[in-house]
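Pasting my_file18.tsv here (TSV, C-alpha atoms):
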chain	number	residue	atom	x	y	z
A	1	MET	CA	0.00	0.00	0.00
A	2	PHE	CA	1.31	3.40	-0.96
A	3	SER	CA	1.60	5.77	2.00
A	4	ARG	CA	3.42	8.94	3.09
A	5	ARG	CA	5.53	6.74	5.38
A	6	ASN	CA	6.66	4.55	2.49
A	7	LEU	CA	7.40	7.64	0.43
A	8	ILE	CA	9.60	9.06	3.18
A	9	LYS	CA	11.39	5.74	3.60
A	10	GLY	CA	12.01	5.56	-0.13
A	11	ALA	CA	13.29	9.09	-0.34
A	12	THR	CA	15.56	8.50	2.64
A	13	GLY	CA	16.94	5.38	1.04
A	14	ILE	CA	17.68	7.21	-2.20
A	15	ALA	CA	19.50	9.99	-0.31
A	16	ALA	CA	21.52	7.50	1.67
A	17	ALA	CA	22.47	5.60	-1.47
A	18	ALA	CA	23.56	8.83	-3.14
A	19	ALA	CA	25.93	9.51	-0.25
A	20	LEU	CA	27.67	6.17	-0.68
A	21	PRO	CA	30.33	5.35	-3.31
A	22	ALA	CA	28.88	3.95	-6.51
A	23	THR	CA	29.07	0.19	-6.78
A	24	ARG	CA	31.45	-1.19	-9.40
A	25	GLN	CA	33.16	-4.32	-10.56
A	26	ALA	CA	36.57	-4.89	-8.99
A	27	SER	CA	39.44	-5.08	-11.46
A	28	ALA	CA	41.88	-7.97	-11.54
A	29	ALA	CA	44.52	-5.76	-9.91
A	30	GLU	CA	42.12	-4.85	-7.12
A	31	ALA	CA	41.29	-8.49	-6.62
A	32	ASP	CA	45.00	-9.20	-6.18
A	33	VAL	CA	45.28	-6.46	-3.56
A	34	ALA	CA	42.26	-7.84	-1.74
A	35	THR	CA	43.88	-11.25	-1.37
A	36	THR	CA	47.16	-9.99	0.10
A	37	GLU	CA	47.97	-9.60	3.79
A	38	PRO	CA	46.07	-6.70	5.43
A	39	ALA	CA	49.26	-4.68	5.97
A	40	GLN	CA	50.24	-5.04	2.32
A	41	MET	CA	46.76	-4.12	1.18
A	42	ALA	CA	46.76	-1.02	3.40
A	43	ALA	CA	50.20	0.01	2.10
A	44	ALA	CA	49.07	-0.38	-1.52
A	45	ILE	CA	45.99	1.75	-0.93
A	46	SER	CA	48.01	4.41	0.90
A	47	ASP	CA	50.65	4.54	-1.83
A	48	ALA	CA	48.00	4.99	-4.51
A	49	LEU	CA	46.32	7.83	-2.66
A	50	PHE	CA	49.33	9.78	-1.40
A	51	ASP	CA	52.06	9.19	-3.96
A	52	GLY	CA	51.25	12.43	-5.74
A	53	ASP	CA	51.72	14.81	-2.81
A	54	GLY	CA	55.54	14.74	-3.17
A	55	LEU	CA	56.19	14.74	0.58
A	56	ALA	CA	57.69	11.27	1.09
A	57	ARG	CA	61.44	11.00	0.54
A	58	PRO	CA	63.03	7.67	1.59
A	59	VAL	CA	66.27	7.65	3.56
A	60	PRO	CA	68.91	6.05	1.28
A	61	ASP	CA	70.73	2.95	2.51
A	62	THR	CA	74.01	3.97	0.85
A	63	PRO	CA	75.69	7.38	0.31
A	64	THR	CA	73.70	9.12	-2.42
A	65	VAL	CA	73.87	12.63	-3.85
A	66	SER	CA	70.64	14.46	-3.06
A	67	SER	CA	68.76	16.08	-5.92
A	68	LEU	CA	67.83	18.84	-3.47
A	69	ALA	CA	71.43	19.86	-2.76
A	70	SER	CA	73.40	18.96	-5.88
A	71	GLY	CA	75.41	21.98	-7.02
A	72	LEU	CA	74.82	24.04	-3.88
A	73	ASP	CA	77.73	25.64	-2.04
A	74	ARG	CA	76.88	26.12	1.67
A	75	THR	CA	74.31	24.00	3.48
A	76	LEU	CA	73.29	23.86	7.14
A	77	VAL	CA	71.76	20.93	9.04
A	78	LEU	CA	70.13	21.56	12.42
A	79	GLY	CA	69.10	18.57	14.55
A	80	GLY	CA	66.51	18.36	17.31
A	81	GLY	CA	66.41	18.16	21.10
A	82	GLY	CA	63.37	19.73	22.79
A	83	GLU	CA	63.06	23.20	24.28
A	84	TYR	CA	66.53	22.86	25.81
A	85	TYR	CA	67.98	22.73	22.32
A	86	VAL	CA	65.83	25.57	20.97
A	87	ALA	CA	67.20	27.72	23.79
A	88	TRP	CA	70.75	26.51	23.12
A	89	TYR	CA	70.33	27.43	19.45
A	90	CYS	CA	69.05	30.89	20.43
A	91	GLY	CA	72.15	31.56	22.50
A	92	PHE	CA	74.47	30.01	19.92
A	93	PHE	CA	73.23	31.89	16.86
A	94	HIS	CA	72.87	35.11	18.80
A	95	GLY	CA	76.55	34.83	19.65
A	96	LEU	CA	77.49	34.02	16.05
A	97	LEU	CA	75.62	37.06	14.75
A	98	GLU	CA	77.36	39.28	17.31
A	99	GLN	CA	80.68	38.02	15.95
A	100	GLY	CA	79.72	38.72	12.34
A	101	VAL	CA	78.89	35.14	11.31
A	102	ASP	CA	75.51	35.00	9.58
A	103	PRO	CA	74.11	31.46	9.20
A	104	ALA	CA	71.42	32.74	6.84
A	105	ILE	CA	73.99	32.84	4.01
A	106	ALA	CA	73.48	29.09	3.68
A	107	ASP	CA	71.92	28.06	0.38
A	108	MET	CA	69.84	25.38	2.12
A	109	VAL	CA	68.85	24.72	5.73
A	110	VAL	CA	67.49	21.36	6.89
A	111	GLY	CA	65.74	21.57	10.25
A	112	THR	CA	64.47	18.75	12.42
A	113	SER	CA	62.31	19.38	15.49
A	114	ALA	CA	64.10	22.15	17.44
A	115	GLY	CA	66.20	22.70	14.33
A	116	SER	CA	63.10	23.43	12.26
A	117	TYR	CA	62.14	26.21	14.68
A	118	MET	CA	65.60	27.69	14.54
A	119	GLY	CA	66.17	27.35	10.80
A	120	SER	CA	62.85	28.91	9.88
A	121	SER	CA	63.30	31.85	12.24
A	122	LEU	CA	66.81	32.48	10.91
A	123	LEU	CA	65.69	32.48	7.27
A	124	SER	CA	62.47	34.43	7.79
A	125	GLY	CA	64.31	37.24	9.58
A	126	ARG	CA	62.51	36.66	12.88
A	127	PHE	CA	65.38	35.14	14.87
A	128	LEU	CA	65.81	38.06	17.26
A	129	GLN	CA	62.10	37.84	18.09
A	130	MET	CA	62.48	34.21	19.11
A	131	ARG	CA	65.72	34.93	20.96
A	132	THR	CA	63.94	37.62	22.98
A	133	GLU	CA	61.02	35.30	23.72
A	134	PHE	CA	63.27	32.53	25.02
A	135	ASN	CA	65.21	35.00	27.11
A	136	PHE	CA	61.87	35.96	28.68
A	137	PHE	CA	60.89	32.31	29.24
A	138	GLY	CA	64.29	31.69	30.79
A	139	HIS	CA	63.30	34.14	33.53
A	140	PHE	CA	59.71	32.85	33.71
A	141	PRO	CA	59.83	29.11	32.89
A	142	GLY	CA	56.41	28.53	34.44
A	143	LEU	CA	54.80	30.51	31.62
A	144	PHE	CA	56.45	28.30	29.01
A	145	ALA	CA	55.22	25.23	30.88
A	146	LYS	CA	51.67	26.50	30.42
A	147	LEU	CA	52.23	26.98	26.68
A	148	ALA	CA	53.61	23.48	26.17
A	149	PRO	CA	52.32	21.25	28.99
A	150	VAL	CA	54.15	17.93	29.25
A	151	ALA	CA	53.64	16.95	32.90
A	152	ALA	CA	51.48	14.12	34.32
A	153	PRO	CA	51.07	11.98	31.18
A	154	ASN	CA	47.95	9.82	30.90
A	155	ALA	CA	47.99	6.11	29.97
A	156	SER	CA	47.78	6.70	26.21
A	157	GLN	CA	50.66	9.16	26.38
A	158	LYS	CA	52.76	6.80	28.49
A	159	ARG	CA	52.18	4.04	25.95
A	160	ALA	CA	53.50	6.17	23.10
A	161	GLN	CA	56.46	7.37	25.15
A	162	GLU	CA	57.41	3.89	26.35
A	163	ILE	CA	57.22	2.42	22.85
A	164	ASN	CA	59.34	5.27	21.49
A	165	PHE	CA	62.05	4.70	24.11
A	166	ARG	CA	62.05	0.90	24.11
A	167	VAL	CA	62.53	0.32	20.37
A	168	LYS	CA	65.88	-1.05	19.25
A	169	ASP	CA	66.05	-0.13	15.56
A	170	GLY	CA	64.86	2.36	12.97
A	171	ASN	CA	63.20	-0.08	10.57
A	172	PRO	CA	59.98	0.99	8.82
A	173	ASP	CA	57.86	-1.37	10.96
A	174	THR	CA	59.34	0.22	14.09
A	175	ILE	CA	58.61	3.75	12.88
A	176	ARG	CA	55.02	2.74	12.06
A	177	THR	CA	54.56	1.18	15.49
A	178	ILE	CA	55.66	4.41	17.16
A	179	GLY	CA	53.47	6.40	14.78
A	180	HIS	CA	50.36	4.37	15.53
A	181	ALA	CA	50.92	4.88	19.26
A	182	ALA	CA	51.38	8.61	18.61
A	183	LEU	CA	48.08	8.72	16.74
A	184	ALA	CA	46.33	7.03	19.66
A	185	ALA	CA	47.77	9.33	22.36
A	186	ASP	CA	45.46	11.85	24.03
A	187	ASN	CA	47.91	14.75	24.25
A	188	HIS	CA	47.20	18.07	25.94
A	189	LEU	CA	48.68	19.94	22.97
A	190	ASN	CA	47.65	18.64	19.55
A	191	GLY	CA	46.13	19.51	16.20
A	192	ASP	CA	46.09	23.19	15.28
A	193	GLY	CA	47.36	24.05	18.76
A	194	VAL	CA	50.82	22.78	17.84
A	195	GLY	CA	50.87	25.00	14.78
A	196	ARG	CA	49.78	28.00	16.83
A	197	LEU	CA	52.61	27.39	19.29
A	198	ALA	CA	55.15	27.24	16.45
A	199	TRP	CA	53.73	30.44	14.98
A	200	LEU	CA	53.84	32.17	18.36
A	201	LEU	CA	57.46	31.24	19.06
A	202	THR	CA	58.98	31.60	15.61
A	203	GLY	CA	56.79	34.19	13.92
A	204	ASP	CA	56.65	31.84	10.91
A	205	SER	CA	53.95	32.29	8.33
A	206	ARG	CA	50.65	30.52	9.03
A	207	THR	CA	49.59	30.95	5.41
A	208	GLY	CA	52.64	30.33	3.23
A	209	TRP	CA	56.29	29.30	2.85
A	210	PRO	CA	58.31	32.52	2.66
A	211	THR	CA	61.78	31.09	1.98
A	212	PRO	CA	62.87	28.52	-0.62
A	213	LYS	CA	65.98	27.73	1.45
A	214	MET	CA	64.08	26.05	4.30
A	215	PHE	CA	63.47	22.29	4.47
A	216	THR	CA	61.75	20.55	7.39
A	217	THR	CA	61.56	16.86	8.25
A	218	SER	CA	58.84	14.78	9.89
A	219	ASN	CA	57.41	11.27	9.70
A	220	ASP	CA	54.03	10.00	8.57
A	221	CYS	CA	52.48	8.36	11.66
A	222	TYR	CA	50.50	5.86	9.59
A	223	THR	CA	53.03	4.76	6.97
A	224	GLY	CA	56.30	5.52	8.79
A	225	GLU	CA	57.60	7.38	5.73
A	226	ARG	CA	60.11	10.22	6.10
A	227	LEU	CA	58.50	13.46	4.89
A	228	VAL	CA	60.48	16.45	3.66
A	229	VAL	CA	58.68	19.77	3.21
A	230	HIS	CA	60.09	22.61	1.13
A	231	GLN	CA	58.57	25.49	-0.75
A	232	ASP	CA	57.46	23.57	-3.86
A	233	VAL	CA	55.62	20.75	-2.09
A	234	ALA	CA	54.40	23.13	0.63
A	235	ASN	CA	52.66	25.29	-1.94
A	236	LYS	CA	51.28	22.21	-3.70
A	237	ASN	CA	49.76	20.84	-0.50
A	238	GLY	CA	48.84	24.09	1.21
A	239	ILE	CA	51.31	23.64	4.07
A	240	PRO	CA	52.40	26.80	5.93
A	241	LEU	CA	55.88	26.95	7.41
A	242	ALA	CA	54.60	27.15	10.99
A	243	HIS	CA	52.70	23.87	10.56
A	244	ALA	CA	55.72	22.13	9.07
A	245	ALA	CA	57.85	23.21	12.06
A	246	ALA	CA	55.07	22.03	14.37
A	247	ALA	CA	54.93	18.61	12.71
A	248	SER	CA	58.70	18.28	12.86
A	249	SER	CA	58.56	18.78	16.64
A	250	SER	CA	55.48	16.64	17.43
A	251	LEU	CA	57.07	14.21	19.87
A	252	PRO	CA	55.02	10.99	20.34
A	253	GLY	CA	53.09	10.94	23.58
A	254	LEU	CA	53.75	14.62	24.29
A	255	ILE	CA	52.46	16.88	21.53
A	256	GLY	CA	50.76	16.43	18.18
A	257	PRO	CA	50.42	14.65	15.86
A	258	THR	CA	50.19	17.52	13.37
A	259	LEU	CA	48.44	17.45	10.01
A	260	LEU	CA	50.52	18.17	6.90
A	261	GLY	CA	48.35	18.07	3.84
A	262	GLN	CA	46.35	14.90	4.55
A	263	ARG	CA	49.04	13.15	6.61
A	264	TYR	CA	49.22	13.14	10.40
A	265	CYS	CA	52.88	13.54	11.28
A	266	MET	CA	55.26	13.14	14.20
A	267	ASP	CA	58.71	14.42	15.12
A	268	GLY	CA	61.39	14.26	12.42
A	269	GLY	CA	63.79	12.77	14.97
A	270	ILE	CA	61.79	9.51	15.02
A	271	SER	CA	63.78	8.19	12.09
A	272	LYS	CA	66.65	5.92	11.24
A	273	THR	CA	68.68	9.04	10.40
A	274	TRP	CA	69.79	11.26	13.28
A	275	ALA	CA	69.94	14.60	11.48
A	276	HIS	CA	68.81	13.86	7.88
A	277	THR	CA	72.23	14.80	6.56
A	278	ASP	CA	71.51	12.79	3.38
A	279	LEU	CA	69.33	15.69	2.20
A	280	VAL	CA	72.40	17.95	1.77
A	281	ALA	CA	74.63	15.27	0.23
A	282	GLY	CA	76.32	16.64	-2.88
A	283	SER	CA	76.59	20.22	-1.69
A	284	LYS	CA	80.10	21.61	-1.52
A	285	ARG	CA	80.18	22.33	2.24
A	286	ALA	CA	77.81	21.37	5.04
A	287	ILE	CA	77.74	22.41	8.69
A	288	VAL	CA	75.89	19.87	10.82
A	289	VAL	CA	74.81	20.83	14.34
A	290	THR	CA	73.40	18.15	16.66
A	291	LEU	CA	72.64	17.95	20.35
A	292	THR	CA	74.56	14.71	20.95
A	293	ASN	CA	76.40	12.07	18.95
A	294	GLY	CA	73.14	10.09	18.83
A	295	TYR	CA	73.93	7.44	21.41
A	296	GLU	CA	75.09	9.32	24.54
A	297	GLY	CA	73.61	12.03	26.71
A	298	SER	CA	69.97	13.16	26.78
A	299	LEU	CA	67.92	11.64	23.95
A	300	LEU	CA	64.27	11.77	22.88
A	301	THR	CA	63.96	8.32	21.28
A	302	GLY	CA	65.36	4.84	21.70
A	303	ILE	CA	66.15	4.44	18.01
A	304	PRO	CA	69.93	3.92	17.78
A	305	HIS	CA	71.89	6.56	15.86
A	306	ASP	CA	75.49	7.48	15.21
A	307	ILE	CA	76.10	10.95	13.79
A	308	HIS	CA	79.70	10.08	12.97
A	309	LYS	CA	78.54	7.36	10.56
A	310	GLU	CA	76.15	9.85	8.97
A	311	ILE	CA	78.96	12.35	8.51
A	312	ALA	CA	81.13	9.66	6.90
A	313	ALA	CA	78.29	8.82	4.48
A	314	LEU	CA	77.82	12.52	3.72
A	315	GLU	CA	81.50	13.03	2.95
A	316	ALA	CA	81.49	9.91	0.75
A	317	THR	CA	79.31	11.87	-1.68
A	318	GLY	CA	81.98	14.59	-1.97
A	319	THR	CA	80.54	17.01	0.59
A	320	LYS	CA	83.02	18.54	3.02
A	321	ALA	CA	81.39	18.45	6.46
A	322	MET	CA	81.89	20.33	9.71
A	323	LEU	CA	80.23	18.69	12.73
A	324	ILE	CA	79.30	20.61	15.88
A	325	ILE	CA	77.92	18.59	18.82
A	326	ALA	CA	76.29	20.85	21.39
A	327	GLY	CA	76.32	18.39	24.29
A	328	THR	CA	74.13	18.43	27.40
A	329	PRO	CA	74.92	18.52	31.12
A	330	PRO	CA	74.55	15.10	32.82
A	331	GLY	CA	70.95	14.26	33.68
A	332	VAL	CA	69.42	17.34	32.06
A	333	SER	CA	65.78	17.06	30.95
A	334	LEU	CA	65.37	18.37	27.42
A	335	LEU	CA	61.73	19.23	28.13
A	336	ASP	CA	62.18	21.09	31.42
A	337	PRO	CA	61.50	24.85	31.00
A	338	LYS	CA	63.83	25.50	33.93
A	339	GLN	CA	66.69	24.48	31.63
A	340	ILE	CA	65.99	27.30	29.16
A	341	GLU	CA	68.18	29.88	30.89
A	342	PRO	CA	71.28	27.66	31.32
A	343	ALA	CA	70.85	26.42	27.75
A	344	LEU	CA	70.84	29.99	26.43
A	345	HIS	CA	74.06	30.67	28.30
A	346	ALA	CA	75.70	27.41	27.14
A	347	GLY	CA	74.88	28.12	23.50
A	348	TYR	CA	76.16	31.68	23.70
A	349	GLU	CA	79.46	30.58	25.24
A	350	ARG	CA	79.89	27.86	22.63
A	351	SER	CA	79.51	30.40	19.84
A	352	LYS	CA	82.76	32.05	20.94
A	353	ILE	CA	84.59	28.80	20.21
A	354	GLU	CA	82.87	27.92	16.95
A	355	ALA	CA	82.55	31.33	15.26
A	356	PRO	CA	86.15	31.50	13.96
A	357	LYS	CA	85.94	27.92	12.71
A	358	ILE	CA	82.65	28.53	10.88
A	359	ARG	CA	83.97	31.74	9.35
A	360	ALA	CA	87.00	29.88	7.99
A	361	PHE	CA	84.92	26.90	6.81
A	362	TRP	CA	82.49	29.04	4.84
A	363	ALA	CA	85.05	31.58	3.59

Conversion result in C-alpha cells:
Amino acid sequence: MFSRRNLIKGATGIAAAAALPATRQASAAEADVATTEPAQMAAAISDALFDGDGLARPVPDTPTVSSLASGLDRTLVLGGGGEYYVAWYCGFFHGLLEQGVDPAIADMVVGTSAGSYMGSSLLSGRFLQMRTEFNFFGHFPGLFAKLAPVAAPNASQKRAQEINFRVKDGNPDTIRTIGHAALAADNHLNGDGVGRLAWLLTGDSRTGWPTPKMFTTSNDCYTGERLVVHQDVANKNGIPLAHAAAASSSLPGLIGPTLLGQRYCMDGGISKTWAHTDLVAGSKRAIVVTLTNGYEGSLLTGIPHDIHKEIAALEATGTKAMLIIAGTPPGVSLLDPKQIEPALHAGYERSKIEAPKIRAFWA
C-alpha cells in the first residue's frame, strides 16, 4: 500500500544511497590487492592515494647525492632536542651574529624538530624575536610550561612514550609502530594548537612558505615514511611553514600529531637518520649541528643513531662536512622549561669557540 511513510522511507533510502560510493566491478589488480595480507593491502591503498603529494622521501641505505642539494655551495643541518635545544640554538646563533657570522647565508637549511624552529626563524628574519622570547621564558619558565604542557602523562601518552624509548632499531615497521601509538595518544597539545605554538614562538607564516631555502623533516604516523617539506611541495599541499615546524617537533606521547596536507605527522627525529644529513649530500660544504652524537647524553627516542657514521656517508658523496655537537649537562631534561636559561648561556658561550671555525669553513 502506498503511504506517506513509504514515500519518506524511499526518499531517505535514495538519499543514503547517493551519499555512498557507486558500486562497481573490482578489477583484476584490485582483486589481487584484496587477497594480500592486510598490511600489504593497506600500504598499496596508501601509496596509490598519497604518492602524488611529493612529501615522502626515503632515507637512502648507501651514500647518495641528493637532488635537493646537488650543485649548492653552503648547506646547514640543524638537529633536534626539545626546548633545551631551541634555547641553546638561540644563545648560539645570537653569539654568532654578534661576531659577524651570519648562518642565513646558507643556500639550504634542513631543520628537524628544534632545528626546524631555529632554521625557519633564521631564514624568515625573525630570529631576534624568538631569541627575545626565550630570554623571557628563561626568567619565567612557568609561563612556558603553560604553553607546552608535558607533565602528568595519561595512559595513552605513556604508551607512546614507552614504545618510542624501548625500540631497538629504525626499521619501517618500528617507525610505524611508534606512529600508531602517537596517533592514539590523548595529548594536551595537539592539532592546530601545535601549529599556533610554532607560529607564536617563531613568527613563521601561518599561510605560506616565505623562503625557498628552508626544508623541514617529519614522519608520517601511519606509513612511517620520512617526509620532507620545502617550498614547492608546501605550496602544492597548502602547508604553511609554521605547521611544518610544528609537525617536525610533534614528539610521540607529548604533543601532536600535526596534520601536513592529509598526513598526520610526528617528530622528524623519530627516524633511522639522526639529522637527515643525506638531504644535503652533494653540496660543496655542510655544517651539521646536533645535540649529541646520537647514542650518549639526553635523547628523545630509543632508536639507535650514530652521527659520525652519517657524517662519513655525507662526505662519501663529496661534501666537506663540519660537525658541531652541542652536548648536554649530565641528567638534564630536554623538556624542562627551567633548563631554558642555562641552555641559552651554554649556547652563547659555545659560539665564541665555533665562530672563527665557521667563518674559515664558509670563507

- Neighbours of Gly269 in chain A within 9 Å (all atoms listed in the file; same-chain residues fewer than 2 positions away dropped), as a list of chain:residue names?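 After dropping sequence-adjacent residues, the list is A:Gly79, A:Gly80, A:Gly81, A:Thr112, A:Ser113, A:Thr217, A:Ser218, A:Asn219, A:Ser248, A:Ser249, A:Leu251, A:Met266, A:Asp267, A:Ser271, A:Lys272, A:Thr273, A:Trp274, A:Ala275, A:His276, A:Leu300, A:Thr301.
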
- Task: Would you kindly return, as an MDAnalysis selection string, each protein, DNA or RNA residue with an atom no farther than 12 Å from any atom of range 353-361 of chain A, considering only C-alpha atoms and excluding same-chain residues fewer than 6 positions away?
- Result: chainID A and resid 73:76 92:103 105:106 284:289 320:326 346:347

- Query: By how many Å are CA of Tyr85 in chain A and CA of Arg176 in chain A apart?
  - Reply: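 About the pair CA of Tyr85 in chain A and CA of Arg176 in chain A: they are 25.9 Å apart.
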
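Among the candidates A:Gln161, A:Thr290, A:Thr317, A:Asn154, the residue lying nearest to Gly253 in chain A is A:Gln161 (atoms considered: all atoms listed in the file).
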
- Task: Compute the distance from (60.4, 27.7, 34.3) to each atom, counting all atoms listed in the file, keep the residues with any atom at most 9 Å away, and return them as a ChimeraX atom specification; use the coordinates of the file.
- Result: /A:137-145,336-341

- Item | Distance criterion (all atoms listed in the file): nearest to Tyr295 in chain A out of A:Lys352, A:Gly327, A:Glu37, A:Phe127 | A:Gly327

- Task: Could you please determine the separation between CA of Asp306 in chain A and CA of Tyr264 in chain A in Å, to one decimal place?
- Result: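 Separating CA of Asp306 in chain A from CA of Tyr264 in chain A is a distance of 27.3 Å.
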
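CA of Ala69 in chain A to CA of Ser250 in chain A spans 25.9 Å [interatomic distance, one decimal].
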
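Each of A:Ala182, A:Ala87, A:Cys265, A:Leu123 was compared to Pro342 in chain A using all atoms listed in the file, and A:Ala87 turns out to be the nearest.
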
Find the spatial neighbours of range 229-234 of chain A, counting only C-alpha atoms, within a cut-off of 8 Å - ignore same-chain residues fewer than 4 positions away - and output them as a tab-separated table (two decimals) with C-alpha atoms, in the frame of the given file.
chain	number	residue	atom	x	y	z
A	53	ASP	CA	51.72	14.81	-2.81
A	54	GLY	CA	55.54	14.74	-3.17
A	55	LEU	CA	56.19	14.74	0.58
A	208	GLY	CA	52.64	30.33	3.23
A	209	TRP	CA	56.29	29.30	2.85
A	210	PRO	CA	58.31	32.52	2.66
A	211	THR	CA	61.78	31.09	1.98
A	212	PRO	CA	62.87	28.52	-0.62
A	213	LYS	CA	65.98	27.73	1.45
A	214	MET	CA	64.08	26.05	4.30
A	215	PHE	CA	63.47	22.29	4.47
A	216	THR	CA	61.75	20.55	7.39
A	217	THR	CA	61.56	16.86	8.25
A	238	GLY	CA	48.84	24.09	1.21
A	239	ILE	CA	51.31	23.64	4.07
A	240	PRO	CA	52.40	26.80	5.93
A	241	LEU	CA	55.88	26.95	7.41
A	244	ALA	CA	55.72	22.13	9.07

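When all atoms listed in the file are used to measure the gap to Ala245 in chain A, the shortest distance among A:Val194, A:Arg131, A:Ser298, A:Ile303 belongs to A:Val194.
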